[in-house]
>>> print(open('query.pdb').read())   # PDB, C-alpha atoms
ATOM      1  CA  MET A   1     -67.704  50.000   2.645  1.00  0.00           C
ATOM      2  CA  LEU A   2     -70.164  52.561   1.320  1.00  0.00           C
ATOM      3  CA  PRO A   3     -71.048  52.119  -2.368  1.00  0.00           C
ATOM      4  CA  LEU A   4     -69.605  54.745  -4.667  1.00  0.00           C
ATOM      5  CA  LEU A   5     -73.086  55.704  -5.853  1.00  0.00           C
ATOM      6  CA  ALA A   6     -76.044  55.457  -3.492  1.00  0.00           C
ATOM      7  CA  ILE A   7     -79.534  56.709  -2.846  1.00  0.00           C
ATOM      8  CA  GLY A   8     -81.641  56.040   0.208  1.00  0.00           C
ATOM      9  CA  PRO A   9     -82.931  57.315   3.533  1.00  0.00           C
ATOM     10  CA  ALA A  10     -79.793  56.681   5.618  1.00  0.00           C
ATOM     11  CA  PRO A  11     -78.127  59.740   7.164  1.00  0.00           C
ATOM     12  CA  LEU A  12     -75.121  60.971   5.240  1.00  0.00           C
ATOM     13  CA  GLN A  13     -71.608  60.507   6.536  1.00  0.00           C
ATOM     14  CA  LEU A  14     -69.298  62.717   4.517  1.00  0.00           C
ATOM     15  CA  GLU A  15     -66.152  60.961   5.691  1.00  0.00           C
ATOM     16  CA  ARG A  16     -67.478  57.624   4.380  1.00  0.00           C
ATOM     17  CA  VAL A  17     -68.446  59.192   1.050  1.00  0.00           C
ATOM     18  CA  ALA A  18     -64.979  60.751   0.704  1.00  0.00           C
ATOM     19  CA  ALA A  19     -63.345  57.426   1.593  1.00  0.00           C
ATOM     20  CA  ALA A  20     -65.464  55.636  -1.024  1.00  0.00           C
ATOM     21  CA  ALA A  21     -64.161  58.016  -3.687  1.00  0.00           C
ATOM     22  CA  GLY A  22     -60.624  56.979  -2.749  1.00  0.00           C
ATOM     23  CA  ALA A  23     -61.173  53.299  -3.462  1.00  0.00           C
ATOM     24  CA  GLY A  24     -58.969  53.475  -6.557  1.00  0.00           C
ATOM     25  CA  PRO A  25     -56.139  51.188  -7.625  1.00  0.00           C
ATOM     26  CA  GLU A  26     -53.309  53.667  -6.992  1.00  0.00           C
ATOM     27  CA  ALA A  27     -53.121  54.419  -3.271  1.00  0.00           C
ATOM     28  CA  GLY A  28     -51.437  57.751  -2.601  1.00  0.00           C
ATOM     29  CA  ALA A  29     -51.754  59.072  -6.169  1.00  0.00           C
ATOM     30  CA  ASP A  30     -54.372  61.701  -5.350  1.00  0.00           C
ATOM     31  CA  GLY A  31     -53.533  65.177  -4.162  1.00  0.00           C
ATOM     32  CA  ALA A  32     -57.074  66.457  -3.736  1.00  0.00           C
ATOM     33  CA  VAL A  33     -60.450  65.455  -2.390  1.00  0.00           C
ATOM     34  CA  VAL A  34     -63.214  67.998  -2.890  1.00  0.00           C
ATOM     35  CA  THR A  35     -66.511  67.478  -1.112  1.00  0.00           C
ATOM     36  CA  PHE A  36     -69.943  69.004  -1.393  1.00  0.00           C
ATOM     37  CA  LEU A  37     -72.642  68.659   1.207  1.00  0.00           C
ATOM     38  CA  GLY A  38     -76.111  69.966   0.327  1.00  0.00           C
ATOM     39  CA  LEU A  39     -78.183  71.017   3.340  1.00  0.00           C
ATOM     40  CA  VAL A  40     -81.892  71.661   3.843  1.00  0.00           C
ATOM     41  CA  ARG A  41     -82.338  75.449   4.155  1.00  0.00           C
ATOM     42  CA  ASN A  42     -84.868  77.095   6.457  1.00  0.00           C
ATOM     43  CA  HIS A  43     -86.096  79.336   3.636  1.00  0.00           C
ATOM     44  CA  ASN A  44     -86.902  79.277  -0.078  1.00  0.00           C
ATOM     45  CA  LEU A  45     -88.488  81.932  -2.283  1.00  0.00           C
ATOM     46  CA  GLY A  46     -89.349  84.073   0.739  1.00  0.00           C
ATOM     47  CA  ARG A  47     -91.061  81.215   2.584  1.00  0.00           C
ATOM     48  CA  SER A  48     -90.105  79.724   5.941  1.00  0.00           C
ATOM     49  CA  VAL A  49     -89.332  76.048   5.218  1.00  0.00           C
ATOM     50  CA  ARG A  50     -90.326  73.536   7.940  1.00  0.00           C
ATOM     51  CA  TYR A  51     -88.950  70.359   6.308  1.00  0.00           C
ATOM     52  CA  LEU A  52     -88.526  68.591   2.949  1.00  0.00           C
ATOM     53  CA  GLU A  53     -89.446  65.181   1.629  1.00  0.00           C
ATOM     54  CA  TYR A  54     -87.434  63.737  -1.243  1.00  0.00           C
ATOM     55  CA  GLU A  55     -88.807  61.025  -3.495  1.00  0.00           C
ATOM     56  CA  ALA A  56     -86.917  59.204  -6.227  1.00  0.00           C
ATOM     57  CA  TYR A  57     -87.227  56.394  -8.683  1.00  0.00           C
ATOM     58  CA  GLU A  58     -84.202  54.671  -7.207  1.00  0.00           C
ATOM     59  CA  PRO A  59     -83.195  52.339 -10.085  1.00  0.00           C
ATOM     60  CA  LEU A  60     -83.172  55.226 -12.577  1.00  0.00           C
ATOM     61  CA  ALA A  61     -81.517  57.565 -10.078  1.00  0.00           C
ATOM     62  CA  LEU A  62     -78.645  55.089  -9.721  1.00  0.00           C
ATOM     63  CA  LYS A  63     -78.402  54.837 -13.519  1.00  0.00           C
ATOM     64  CA  ALA A  64     -78.240  58.643 -13.678  1.00  0.00           C
ATOM     65  CA  PHE A  65     -75.463  58.608 -11.052  1.00  0.00           C
ATOM     66  CA  GLU A  66     -73.576  55.992 -13.096  1.00  0.00           C
ATOM     67  CA  ARG A  67     -73.947  58.147 -16.194  1.00  0.00           C
ATOM     68  CA  ILE A  68     -72.672  61.217 -14.334  1.00  0.00           C
ATOM     69  CA  SER A  69     -69.696  59.228 -13.057  1.00  0.00           C
ATOM     70  CA  ALA A  70     -68.939  58.035 -16.602  1.00  0.00           C
ATOM     71  CA  GLU A  71     -69.216  61.588 -17.983  1.00  0.00           C
ATOM     72  CA  ILE A  72     -66.780  62.763 -15.327  1.00  0.00           C
ATOM     73  CA  GLY A  73     -64.439  59.917 -16.266  1.00  0.00           C
ATOM     74  CA  GLU A  74     -64.481  61.065 -19.890  1.00  0.00           C
ATOM     75  CA  ARG A  75     -63.962  64.766 -19.117  1.00  0.00           C
ATOM     76  CA  TRP A  76     -61.592  64.388 -16.132  1.00  0.00           C
ATOM     77  CA  PRO A  77     -60.027  60.902 -16.601  1.00  0.00           C
ATOM     78  CA  ASN A  78     -58.114  60.857 -13.320  1.00  0.00           C
ATOM     79  CA  ALA A  79     -61.061  61.964 -11.173  1.00  0.00           C
ATOM     80  CA  ARG A  80     -63.162  59.504  -9.192  1.00  0.00           C
ATOM     81  CA  LEU A  81     -66.594  60.222  -7.810  1.00  0.00           C
ATOM     82  CA  ALA A  82     -68.679  59.070  -4.876  1.00  0.00           C
ATOM     83  CA  LEU A  83     -72.137  60.400  -4.129  1.00  0.00           C
ATOM     84  CA  HIS A  84     -75.085  59.661  -1.898  1.00  0.00           C
ATOM     85  CA  HIS A  85     -78.478  61.356  -2.125  1.00  0.00           C
ATOM     86  CA  ARG A  86     -81.014  60.928   0.632  1.00  0.00           C
ATOM     87  CA  ILE A  87     -84.727  60.351   0.196  1.00  0.00           C
ATOM     88  CA  GLY A  88     -87.550  60.627   2.697  1.00  0.00           C
ATOM     89  CA  ARG A  89     -88.191  63.348   5.249  1.00  0.00           C
ATOM     90  CA  LEU A  90     -85.329  65.712   6.010  1.00  0.00           C
ATOM     91  CA  GLU A  91     -85.371  68.404   8.656  1.00  0.00           C
ATOM     92  CA  VAL A  92     -83.860  71.880   8.298  1.00  0.00           C
ATOM     93  CA  GLY A  93     -80.086  71.619   8.632  1.00  0.00           C
ATOM     94  CA  GLU A  94     -79.871  67.970   7.607  1.00  0.00           C
ATOM     95  CA  ALA A  95     -77.730  66.915   4.661  1.00  0.00           C
ATOM     96  CA  SER A  96     -79.597  65.831   1.534  1.00  0.00           C
ATOM     97  CA  VAL A  97     -76.670  65.060  -0.769  1.00  0.00           C
ATOM     98  CA  ALA A  98     -72.977  64.323  -0.275  1.00  0.00           C
ATOM     99  CA  ILE A  99     -70.496  64.285  -3.151  1.00  0.00           C
ATOM    100  CA  ALA A 100     -66.771  63.595  -3.085  1.00  0.00           C
ATOM    101  CA  ALA A 101     -64.477  63.939  -6.080  1.00  0.00           C
ATOM    102  CA  ARG A 102     -60.904  62.731  -5.853  1.00  0.00           C
ATOM    103  CA  SER A 103     -58.080  63.476  -8.276  1.00  0.00           C
ATOM    104  CA  PRO A 104     -54.313  63.951  -8.488  1.00  0.00           C
ATOM    105  CA  HIS A 105     -54.939  67.698  -8.989  1.00  0.00           C
ATOM    106  CA  ARG A 106     -57.357  70.039  -7.214  1.00  0.00           C
ATOM    107  CA  GLY A 107     -58.695  71.691 -10.372  1.00  0.00           C
ATOM    108  CA  ASP A 108     -60.083  68.430 -11.706  1.00  0.00           C
ATOM    109  CA  ALA A 109     -61.497  67.478  -8.302  1.00  0.00           C
ATOM    110  CA  TYR A 110     -63.279  70.837  -7.942  1.00  0.00           C
ATOM    111  CA  ALA A 111     -64.674  70.700 -11.467  1.00  0.00           C
ATOM    112  CA  ALA A 112     -65.822  67.075 -11.151  1.00  0.00           C
ATOM    113  CA  CYS A 113     -67.589  67.783  -7.856  1.00  0.00           C
ATOM    114  CA  ARG A 114     -69.392  70.844  -9.241  1.00  0.00           C
ATOM    115  CA  TYR A 115     -70.268  69.017 -12.452  1.00  0.00           C
ATOM    116  CA  ALA A 116     -71.788  66.157 -10.448  1.00  0.00           C
ATOM    117  CA  ILE A 117     -74.242  68.362  -8.519  1.00  0.00           C
ATOM    118  CA  GLU A 118     -75.246  70.257 -11.656  1.00  0.00           C
ATOM    119  CA  ARG A 119     -75.955  67.012 -13.546  1.00  0.00           C
ATOM    120  CA  ILE A 120     -77.842  65.502 -10.591  1.00  0.00           C
ATOM    121  CA  LYS A 121     -80.176  68.495 -10.692  1.00  0.00           C
ATOM    122  CA  GLN A 122     -80.503  68.158 -14.484  1.00  0.00           C
ATOM    123  CA  ILE A 123     -81.089  64.428 -14.975  1.00  0.00           C
ATOM    124  CA  ALA A 124     -81.611  62.437 -11.752  1.00  0.00           C
ATOM    125  CA  PRO A 125     -85.251  61.426 -11.124  1.00  0.00           C
ATOM    126  CA  ILE A 126     -85.397  62.940  -7.632  1.00  0.00           C
ATOM    127  CA  TRP A 127     -88.266  65.180  -6.551  1.00  0.00           C
ATOM    128  CA  LYS A 128     -88.428  67.599  -3.633  1.00  0.00           C
ATOM    129  CA  HIS A 129     -91.632  68.208  -1.694  1.00  0.00           C
ATOM    130  CA  GLU A 130     -91.246  71.383   0.350  1.00  0.00           C
ATOM    131  CA  PHE A 131     -93.329  72.014   3.451  1.00  0.00           C
ATOM    132  CA  PHE A 132     -93.404  75.616   4.595  1.00  0.00           C
ATOM    133  CA  GLU A 133     -95.382  77.827   6.938  1.00  0.00           C
ATOM    134  CA  GLY A 134     -98.858  77.975   5.393  1.00  0.00           C
ATOM    135  CA  GLY A 135     -98.558  75.277   2.734  1.00  0.00           C
ATOM    136  CA  GLU A 136     -96.564  72.873   0.646  1.00  0.00           C
ATOM    137  CA  VAL A 137     -95.298  72.645  -2.919  1.00  0.00           C
ATOM    138  CA  TRP A 138     -93.489  70.198  -5.169  1.00  0.00           C
ATOM    139  CA  ILE A 139     -90.259  71.659  -6.521  1.00  0.00           C
ATOM    140  CA  GLU A 140     -89.634  70.726 -10.139  1.00  0.00           C
ATOM    141  CA  GLY A 141     -87.064  67.968 -10.422  1.00  0.00           C
ATOM    142  CA  ALA A 142     -84.844  66.851 -13.267  1.00  0.00           C
ATOM    143  CA  THR A 143     -86.064  68.083 -16.628  1.00  0.00           C
ATOM    144  CA  ALA A 144     -83.130  67.750 -19.018  1.00  0.00           C
ATOM    145  CA  ASN A 145     -82.755  64.978 -21.543  1.00  0.00           C
ATOM    146  CA  PRO A 146     -79.509  63.254 -20.461  1.00  0.00           C
ATOM    147  CA  ASP A 147     -78.325  63.317 -24.099  1.00  0.00           C
ATOM    148  CA  ASP A 148     -79.067  67.025 -24.626  1.00  0.00           C
ATOM    149  CA  PRO A 149     -75.734  68.588 -25.661  1.00  0.00           C
ATOM    150  CA  ARG A 150     -76.856  71.998 -24.371  1.00  0.00           C
ATOM    151  CA  ALA A 151     -77.493  70.579 -20.879  1.00  0.00           C
ATOM    152  CA  LEU A 152     -74.111  68.840 -20.924  1.00  0.00           C
ATOM    153  CA  ALA A 153     -72.399  72.042 -22.054  1.00  0.00           C
ATOM    154  CA  GLU A 154     -74.172  74.090 -19.394  1.00  0.00           C
ATOM    155  CA  ALA A 155     -73.127  71.698 -16.607  1.00  0.00           C
ATOM    156  CA  GLU A 156     -69.526  71.798 -17.853  1.00  0.00           C
ATOM    157  CA  ARG A 157     -69.598  75.606 -18.164  1.00  0.00           C
ATOM    158  CA  ILE A 158     -70.761  75.954 -14.563  1.00  0.00           C
ATOM    159  CA  ALA A 159     -68.275  73.346 -13.321  1.00  0.00           C
ATOM    160  CA  CYS A 160     -65.342  75.056 -14.983  1.00  0.00           C
ATOM    161  CA  ALA A 161     -66.309  78.650 -14.153  1.00  0.00           C
TER     162      ALA A 161
END
>>> encode(input="query.pdb", output="structure tokens")
Amino acid sequence: MLPLLAIGPAPLQLERVAAAAGAGPEAGADGAVVTFLGLVRNHNLGRSVRYLEYEAYEPLALKAFERISAEIGERWPNARLALHHRIGRLEVGEASVAIAARSPHRGDAYAACRYAIERIKQIAPIWKHEFFEGGEVWIEGATANPDDPRALAEAERIACA
């Protein structure tokens, strides 16, 4: 069984991530599973992207994922989360992150899924190295203090829009 929260170089399998989110005590209680799959684009800021390399401080990334899961549990108590973020070299079209949120009601599942990706970008120590035609650049990673109430509010605002 796939862990609920994972980071590593293994290819993503969305079905396994969605199944991991359903590992709750009440089988059949959920009416919605919302998934998000982030893909490597072939362009960014007008540049032709060749591939990406993700790096992470894995122990802290997992702690950030645990925090995000706990925040979701506080805001949407019936929602459960599973997520997996890849690291290493990823080619254009490959999946970099898979998120599944499961809940009795679709609204909570949608909001929890959107909240998760926003918070990952805010607080998870994951860095993207972009290789494009003619050069390379590091894309700024997480910059928010996990306890910053403005960052929390912004993630919730986006999730509930």
>>> resolve_selection(input="query.pdb", expression="the PyMOL selection byres ((chain A and resi 70) around 12)", output="number ranges by chain")
A: 5, 63-69, 71-82, 112, 115-116, 119
>>> write_last_selection(input="query.pdb", atoms="C-alpha atoms", output="CSV table (one decimal), keeping the file's coordinate frame")
chain,number,residue,atom,x,y,z
A,5,LEU,CA,-73.1,55.7,-5.9
A,63,LYS,CA,-78.4,54.8,-13.5
A,64,ALA,CA,-78.2,58.6,-13.7
A,65,PHE,CA,-75.5,58.6,-11.1
A,66,GLU,CA,-73.6,56.0,-13.1
A,67,ARG,CA,-73.9,58.1,-16.2
A,68,ILE,CA,-72.7,61.2,-14.3
A,69,SER,CA,-69.7,59.2,-13.1
A,71,GLU,CA,-69.2,61.6,-18.0
A,72,ILE,CA,-66.8,62.8,-15.3
A,73,GLY,CA,-64.4,59.9,-16.3
A,74,GLU,CA,-64.5,61.1,-19.9
A,75,ARG,CA,-64.0,64.8,-19.1
A,76,TRP,CA,-61.6,64.4,-16.1
A,77,PRO,CA,-60.0,60.9,-16.6
A,78,ASN,CA,-58.1,60.9,-13.3
A,79,ALA,CA,-61.1,62.0,-11.2
A,80,ARG,CA,-63.2,59.5,-9.2
A,81,LEU,CA,-66.6,60.2,-7.8
A,82,ALA,CA,-68.7,59.1,-4.9
A,112,ALA,CA,-65.8,67.1,-11.2
A,115,TYR,CA,-70.3,69.0,-12.5
A,116,ALA,CA,-71.8,66.2,-10.4
A,119,ARG,CA,-76.0,67.0,-13.5
>>> closest_residue(input="query.pdb", among="A:Val92, A:Ala124, A:Ala56, A:Leu152", to="His43 in chain A", atoms="only C-alpha atoms")
A:Val92
>>> resolve_selection(input="query.pdb", expression="the PyMOL selection byres ((chain A and resi 41) around 9)", output="number ranges by chain")
A: 39-40, 42-44, 49, 51, 91-94
>>> residues_around(input="query.pdb", residues="Ala6 in chain A", least_positions_apart="6", cutoff="8 Å", atoms="all atoms listed in the file", output="list in words")
Leu62, Leu83, His84 and His85 of chain A
>>> closest_residue(input="query.pdb", among="A:Ser48, A:Ile87, A:Glu58, A:Glu53", to="Ala10 in chain A", atoms="all atoms listed in the file")
A:Ile87
>>> resolve_selection(input="query.pdb", expression="the PyMOL selection byres ((chain A and resi 123) around 10)", output="short mmCIF file (atom, residue, chain, number, x, y, z; two decimals) with C-alpha atoms, in the coordinates of the input")
data_model
loop_
_atom_site.label_atom_id
_atom_site.label_comp_id
_atom_site.auth_asym_id
_atom_site.auth_seq_id
_atom_site.Cartn_x
_atom_site.Cartn_y
_atom_site.Cartn_z
CA LEU A 60 -83.17 55.23 -12.58
CA ALA A 61 -81.52 57.56 -10.08
CA ALA A 64 -78.24 58.64 -13.68
CA PHE A 65 -75.46 58.61 -11.05
CA ARG A 67 -73.95 58.15 -16.19
CA ILE A 68 -72.67 61.22 -14.33
CA GLU A 118 -75.25 70.26 -11.66
CA ARG A 119 -75.96 67.01 -13.55
CA ILE A 120 -77.84 65.50 -10.59
CA LYS A 121 -80.18 68.50 -10.69
CA GLN A 122 -80.50 68.16 -14.48
CA ALA A 124 -81.61 62.44 -11.75
CA PRO A 125 -85.25 61.43 -11.12
CA ILE A 126 -85.40 62.94 -7.63
CA GLY A 141 -87.06 67.97 -10.42
CA ALA A 142 -84.84 66.85 -13.27
CA THR A 143 -86.06 68.08 -16.63
CA ALA A 144 -83.13 67.75 -19.02
CA ASN A 145 -82.76 64.98 -21.54
CA PRO A 146 -79.51 63.25 -20.46
CA ASP A 147 -78.32 63.32 -24.10
CA ALA A 151 -77.49 70.58 -20.88
#
>>> closest_residue(input="query.pdb", among="A:Glu55, A:Val137, A:His129, A:Val17", to="Gly88 in chain A", atoms="only C-alpha atoms")
A:Glu55
>>> atom_distance(input="query.pdb", atom1="CA of Ile158 in chain A", atom2="CA of Ala20 in chain A")
25.0 Å
>>> atom_distance(input="query.pdb", atom1="CA of Ser103 in chain A", atom2="CA of Ala161 in chain A")
18.2 Å
>>> residues_around(input="query.pdb", residues="range 30-34 of chain A", least_positions_apart="3", cutoff="6 Å", atoms="all atoms listed in the file", output="mmCIF file with C-alpha atoms, keeping the file's coordinate frame")
data_model
loop_
_atom_site.group_PDB
_atom_site.id
_atom_site.type_symbol
_atom_site.label_atom_id
_atom_site.label_comp_id
_atom_site.auth_asym_id
_atom_site.auth_seq_id
_atom_site.Cartn_x
_atom_site.Cartn_y
_atom_site.Cartn_z
ATOM 1 C CA ALA A 100 -66.771 63.595 -3.085
ATOM 2 C CA ALA A 101 -64.477 63.939 -6.080
ATOM 3 C CA ARG A 102 -60.904 62.731 -5.853
ATOM 4 C CA SER A 103 -58.080 63.476 -8.276
ATOM 5 C CA PRO A 104 -54.313 63.951 -8.488
ATOM 6 C CA HIS A 105 -54.939 67.698 -8.989
ATOM 7 C CA ARG A 106 -57.357 70.039 -7.214
ATOM 8 C CA ALA A 109 -61.497 67.478 -8.302
ATOM 9 C CA TYR A 110 -63.279 70.837 -7.942
#
>>> atom_distance(input="query.pdb", atom1="CA of Phe36 in chain A", atom2="CA of Ala18 in chain A")
9.9 Å
>>> closest_residue(input="query.pdb", among="A:Leu37, A:Ala155, A:Cys160, A:Ile117", to="Leu14 in chain A", atoms="all atoms listed in the file")
A:Leu37
>>> closest_residue(input="query.pdb", among="A:Ala153, A:Ala111, A:Ile139, A:Val97", to="Gly8 in chain A", atoms="only C-alpha atoms")
A:Val97
>>> residues_around(input="query.pdb", residues="Leu52 in chain A", least_positions_apart="5", cutoff="7 Å", atoms="all atoms listed in the file", output="ChimeraX atom specification")
/A:89-91,128-131
>>> residues_around(input="query.pdb", residues="Arg47 in chain A", least_positions_apart="5", cutoff="9 Å", atoms="all atoms listed in the file", output="NGL selection string")
:A and (42 or 132-134)
>>> write_last_selection(input="query.pdb", atoms="C-alpha atoms", output="PDB file, in the coordinates of the input")
ATOM      1  CA  ASN A  42     -84.868  77.095   6.457  1.00  0.00           C
ATOM      2  CA  PHE A 132     -93.404  75.616   4.595  1.00  0.00           C
ATOM      3  CA  GLU A 133     -95.382  77.827   6.938  1.00  0.00           C
ATOM      4  CA  GLY A 134     -98.858  77.975   5.393  1.00  0.00           C
TER       5      GLY A 134
END
